[in-house]
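For reference, work-v9.pdb (PDB, C-alpha atoms):
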ATOM      1  CA  MET A 258     255.331  44.360 189.996
ATOM      2  CA  GLU A 259     252.729  46.855 191.186
ATOM      3  CA  PRO A 260     251.992  48.258 187.673
ATOM      4  CA  VAL A 261     251.287  44.708 186.459
ATOM      5  CA  SER A 262     249.027  44.102 189.440
ATOM      6  CA  ILE A 263     247.088  47.314 188.773
ATOM      7  CA  LEU A 264     246.779  46.383 185.103
ATOM      8  CA  ILE A 265     245.394  42.907 185.849
ATOM      9  CA  LYS A 266     243.209  43.799 188.841
ATOM     10  CA  SER A 267     241.854  47.163 187.754
ATOM     11  CA  SER A 268     242.580  48.424 184.240
ATOM     12  CA  ILE A 269     241.662  45.336 182.205
ATOM     13  CA  PRO A 270     238.400  44.596 184.088
ATOM     14  CA  ASN A 271     237.359  48.262 183.767
ATOM     15  CA  TYR A 272     238.144  48.237 180.046
ATOM     16  CA  LEU A 273     236.217  44.992 179.480
ATOM     17  CA  SER A 274     233.209  46.114 181.508
ATOM     18  CA  ASN A 275     232.940  49.288 179.404
ATOM     19  CA  LEU A 276     232.920  47.442 176.063
ATOM     20  CA  PRO A 277     229.570  47.580 174.241
ATOM     21  CA  ILE A 278     229.037  43.804 174.099
ATOM     22  CA  PRO A 279     225.352  42.999 173.434
ATOM     23  CA  ASP A 280     223.329  40.459 175.416
ATOM     24  CA  SER A 281     221.927  38.673 172.355
ATOM     25  CA  ILE A 282     222.941  37.799 168.806
ATOM     26  CA  GLY A 283     220.483  40.338 167.439
ATOM     27  CA  GLY A 284     222.157  43.014 169.559
ATOM     28  CA  TRP A 285     225.290  42.799 167.390
ATOM     29  CA  PHE A 286     223.264  44.116 164.442
ATOM     30  CA  LYS A 287     222.080  47.102 166.474
ATOM     31  CA  LEU A 288     225.553  48.363 167.354
ATOM     32  CA  GLY A 289     226.467  51.758 165.944
ATOM     33  CA  PHE A 290     229.681  52.850 164.269
ATOM     34  CA  LYS A 291     231.190  54.184 167.533
ATOM     35  CA  ASP A 292     230.411  50.892 169.308
ATOM     36  CA  TRP A 293     232.157  48.913 166.595
ATOM     37  CA  ALA A 294     235.116  51.312 166.708
ATOM     38  CA  ARG A 295     235.443  50.655 170.444
ATOM     39  CA  LEU A 296     235.403  46.887 169.832
ATOM     40  CA  VAL A 297     238.124  46.885 167.139
ATOM     41  CA  PRO A 298     241.131  47.095 169.527
ATOM     42  CA  PHE A 299     239.691  44.313 171.689
ATOM     43  CA  PHE A 300     239.127  41.956 168.748
ATOM     44  CA  ALA A 301     242.527  42.867 167.272
ATOM     45  CA  ALA A 302     244.197  41.964 170.583
ATOM     46  CA  VAL A 303     242.257  38.687 170.863
ATOM     47  CA  GLY A 304     243.119  37.831 167.249
ATOM     48  CA  GLY A 305     246.795  38.683 167.767
ATOM     49  CA  VAL A 306     247.070  36.594 170.929
ATOM     50  CA  SER A 307     245.260  33.712 169.196
ATOM     51  CA  TYR A 308     247.587  33.874 166.197
ATOM     52  CA  VAL A 309     250.747  33.997 168.306
ATOM     53  CA  THR A 310     249.478  31.079 170.401
ATOM     54  CA  TYR A 311     248.674  29.054 167.278
ATOM     55  CA  ARG A 312     252.111  29.740 165.756
ATOM     56  CA  THR A 313     253.770  28.743 169.028
ATOM     57  CA  ILE A 314     251.978  25.445 169.594
ATOM     58  CA  LYS A 315     251.268  24.237 166.044
ATOM     59  CA  PRO A 316     253.240  21.104 165.197
ATOM     60  CA  LYS A 317     256.206  21.622 162.933
ATOM     61  CA  GLN A 318     255.970  19.363 159.896
ATOM     62  CA  ALA A 319     258.999  18.099 158.048
ATOM     63  CA  ILE A 320     258.969  18.431 154.271
ATOM     64  CA  ASN A 321     260.778  15.127 153.894
ATOM     65  CA  PRO A 322     258.694  12.448 155.642
ATOM     66  CA  SER A 323     260.894   9.376 155.065
ATOM     67  CA  ILE A 324     263.597   9.642 152.401
ATOM     68  CA  ARG A 325     267.159   8.859 153.581
ATOM     69  CA  LYS A 326     266.574  10.210 157.098
ATOM     70  CA  ASP A 327     269.932   8.799 158.236
ATOM     71  CA  GLU A 328     271.747  11.442 156.151
ATOM     72  CA  PRO A 329     272.255  14.989 157.511
ATOM     73  CA  LYS A 330     271.223  16.494 154.130
ATOM     74  CA  VAL A 331     269.714  14.817 151.066
ATOM     75  CA  VAL A 332     271.650  15.942 147.985
ATOM     76  CA  ASP A 333     271.512  14.362 144.533
ATOM     77  CA  ILE A 334     273.702  15.160 141.550
ATOM     78  CA  ALA A 335     272.782  14.147 138.001
ATOM     79  CA  ASN A 336     275.133  14.101 135.051
ATOM     80  CA  ILE A 337     273.612  15.978 132.112
ATOM     81  CA  GLU A 338     274.679  13.196 129.732
ATOM     82  CA  ASP A 339     272.589  10.691 131.747
ATOM     83  CA  LEU A 340     269.338  12.678 131.576
ATOM     84  CA  GLY A 341     268.083  11.407 128.215
ATOM     85  CA  GLU A 342     265.494  13.436 126.295
ATOM     86  CA  LYS A 343     263.377  14.294 129.351
ATOM     87  CA  THR A 344     263.745  13.690 133.104
ATOM     88  CA  SER A 345     261.260  14.530 135.877
ATOM     89  CA  TYR A 346     262.477  15.243 139.408
ATOM     90  CA  CYS A 347     260.263  14.939 142.491
ATOM     91  CA  ARG A 348     259.429  18.048 144.527
ATOM     92  CA  CYS A 349     256.800  16.592 146.890
ATOM     93  CA  TRP A 350     259.128  14.123 148.691
ATOM     94  CA  LYS A 351     256.555  11.333 148.251
ATOM     95  CA  SER A 352     258.160   9.487 145.305
ATOM     96  CA  GLU A 353     259.277   5.890 145.837
ATOM     97  CA  LYS A 354     261.975   6.497 143.170
ATOM     98  CA  PHE A 355     263.281   9.749 144.714
ATOM     99  CA  PRO A 356     264.875  11.963 143.351
ATOM    100  CA  TYR A 357     262.929  10.962 140.233
ATOM    101  CA  CYS A 358     259.183  11.638 140.034
ATOM    102  CA  ASP A 359     256.845   8.632 139.984
ATOM    103  CA  GLY A 360     253.577  10.645 140.048
ATOM    104  CA  ALA A 361     253.073  10.401 143.825
ATOM    105  CA  HIS A 362     252.334  14.133 143.887
ATOM    106  CA  GLY A 363     248.893  13.406 142.371
ATOM    107  CA  LYS A 364     247.717  11.582 145.503
ATOM    108  CA  HIS A 365     249.436  14.165 147.723
ATOM    109  CA  ASN A 366     247.658  17.014 145.901
ATOM    110  CA  ARG A 367     244.226  15.344 146.197
ATOM    111  CA  GLU A 368     244.703  14.705 149.945
ATOM    112  CA  THR A 369     246.076  18.134 150.870
ATOM    113  CA  GLY A 370     244.720  20.513 148.242
ATOM    114  CA  ASP A 371     248.303  21.320 147.241
ATOM    115  CA  ASN A 372     249.368  21.865 143.627
ATOM    116  CA  VAL A 373     252.960  20.630 143.600
ATOM    117  CA  GLY A 374     254.361  18.910 140.522
ATOM    118  CA  PRO A 375     257.746  17.692 139.311
ATOM    119  CA  VAL A 376     260.664  19.634 137.883
ATOM    120  CA  VAL A 377     260.943  18.495 134.265
ATOM    121  CA  ILE A 378     264.249  18.899 132.440
ATOM    122  CA  LYS A 379     264.149  18.502 128.659
ATOM    123  CA  ARG A 380     267.012  18.325 126.227
ATOM    124  CA  ASN A 381     266.823  21.149 123.683
ATOM    125  CA  SER A 382     266.219  19.345 120.369
ATOM    126  CA  SER A 383     266.608  22.423 118.131
ATOM    127  CA  LYS A 384     270.299  21.767 117.418
TER     128      LYS A 384
END
Could you spell out this file's structure in structure tokens?
Amino acid sequence: MEPVSILIKSSIPNYLSNLPIPDSIGGWFKLGFKDWARLVPFFAAVGGVSYVTYRTIKPKQAINPSIRKDEPKVVDIANIEDLGEKTSYCRCWKSEKFPYCDGAHGKHNRETGDNVGPVVIKRNSSK
């Protein structure tokens, strides 16, 4: 435990006190190349710790918000003969007619900035 104690009580404070952190906003523009080079490891460490913290505490969001939540896995099978000329399947999990698309992705895309759309299956009419 002593190395950790030395690190926290002595090494880190000495390192931080020797960083070229200016007293004013204008001072940041007066820093030289060597000063910036000395600040890079500090900002990289702060950024890394911030990122790891964010990834740890950010809420996990389910893709499927409400469709058949009583089932362990939502699986749909369609018979190719029942598809008709063209069938659109939902990929945003917002459709009221799931697994078929009802256009709910339009509202979802406007609200979230996403670009999801349906999977469209067409019968090949060249035969």
Taken to one decimal, the CA of Pro316 in chain A-CA of Pro298 in chain A distance is 29.0 Å
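Minimum atom-to-atom distances from A:Gly363, A:Lys354, A:Asn321, A:Pro277 to Gly289 in chain A were compared using all atoms listed in the file, and the lowest value belongs to A:Pro277.
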In Å, with one decimal, what is the gap from CA of Ile269 in chain A to CA of Trp293 in chain A?
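Going from CA of Ile269 in chain A over to CA of Trp293 in chain A covers 18.6 Å.
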Kindly give the distance, in Å, that separates CA of Thr344 in chain A and CA of Val377 in chain A, rounded to a single decimal.
5.7 Å
Could you list, as a PyMOL selection string, every residue matched by the PyMOL selection byres ((chain A and resi 324-330) around 10) in this structure?
chain A and resi 321-323+331-333+350-356
Emit as AutoDock Vina command-line options the padded axis-aligned box for all listed atoms of range 262-267 of chain A, 8 Å per side, with centre and edge lengths in Å to one decimal.
--center_x 245.4 --center_y 45.1 --center_z 187.3 --size_x 23.2 --size_y 20.4 --size_z 20.3
On this structure, which residues satisfy the PyMOL selection byres ((chain A and resi 379) around 10), written as a list in words?
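Output of the PyMOL selection byres ((chain A and resi 379) around 10): Leu340, Gly341, Glu342, Lys343, Thr344, Ser345, Val376, Val377, Ile378, Arg380, Asn381 and Ser382 of chain A.
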Would you please work out which residue, of A:Ala361, A:Cys347, A:Leu296, A:Val306, is nearest to Ser274 in chain A when using only C-alpha atoms?
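Selected residue with least distance to Ser274 in chain A: A:Leu296.
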Using only C-alpha atoms, give me every residue within 12 Å of (236.7, 47.4, 178.8) in file coordinates, as a PyMOL selection string.
chain A and resi 264+267-278+292+295-300
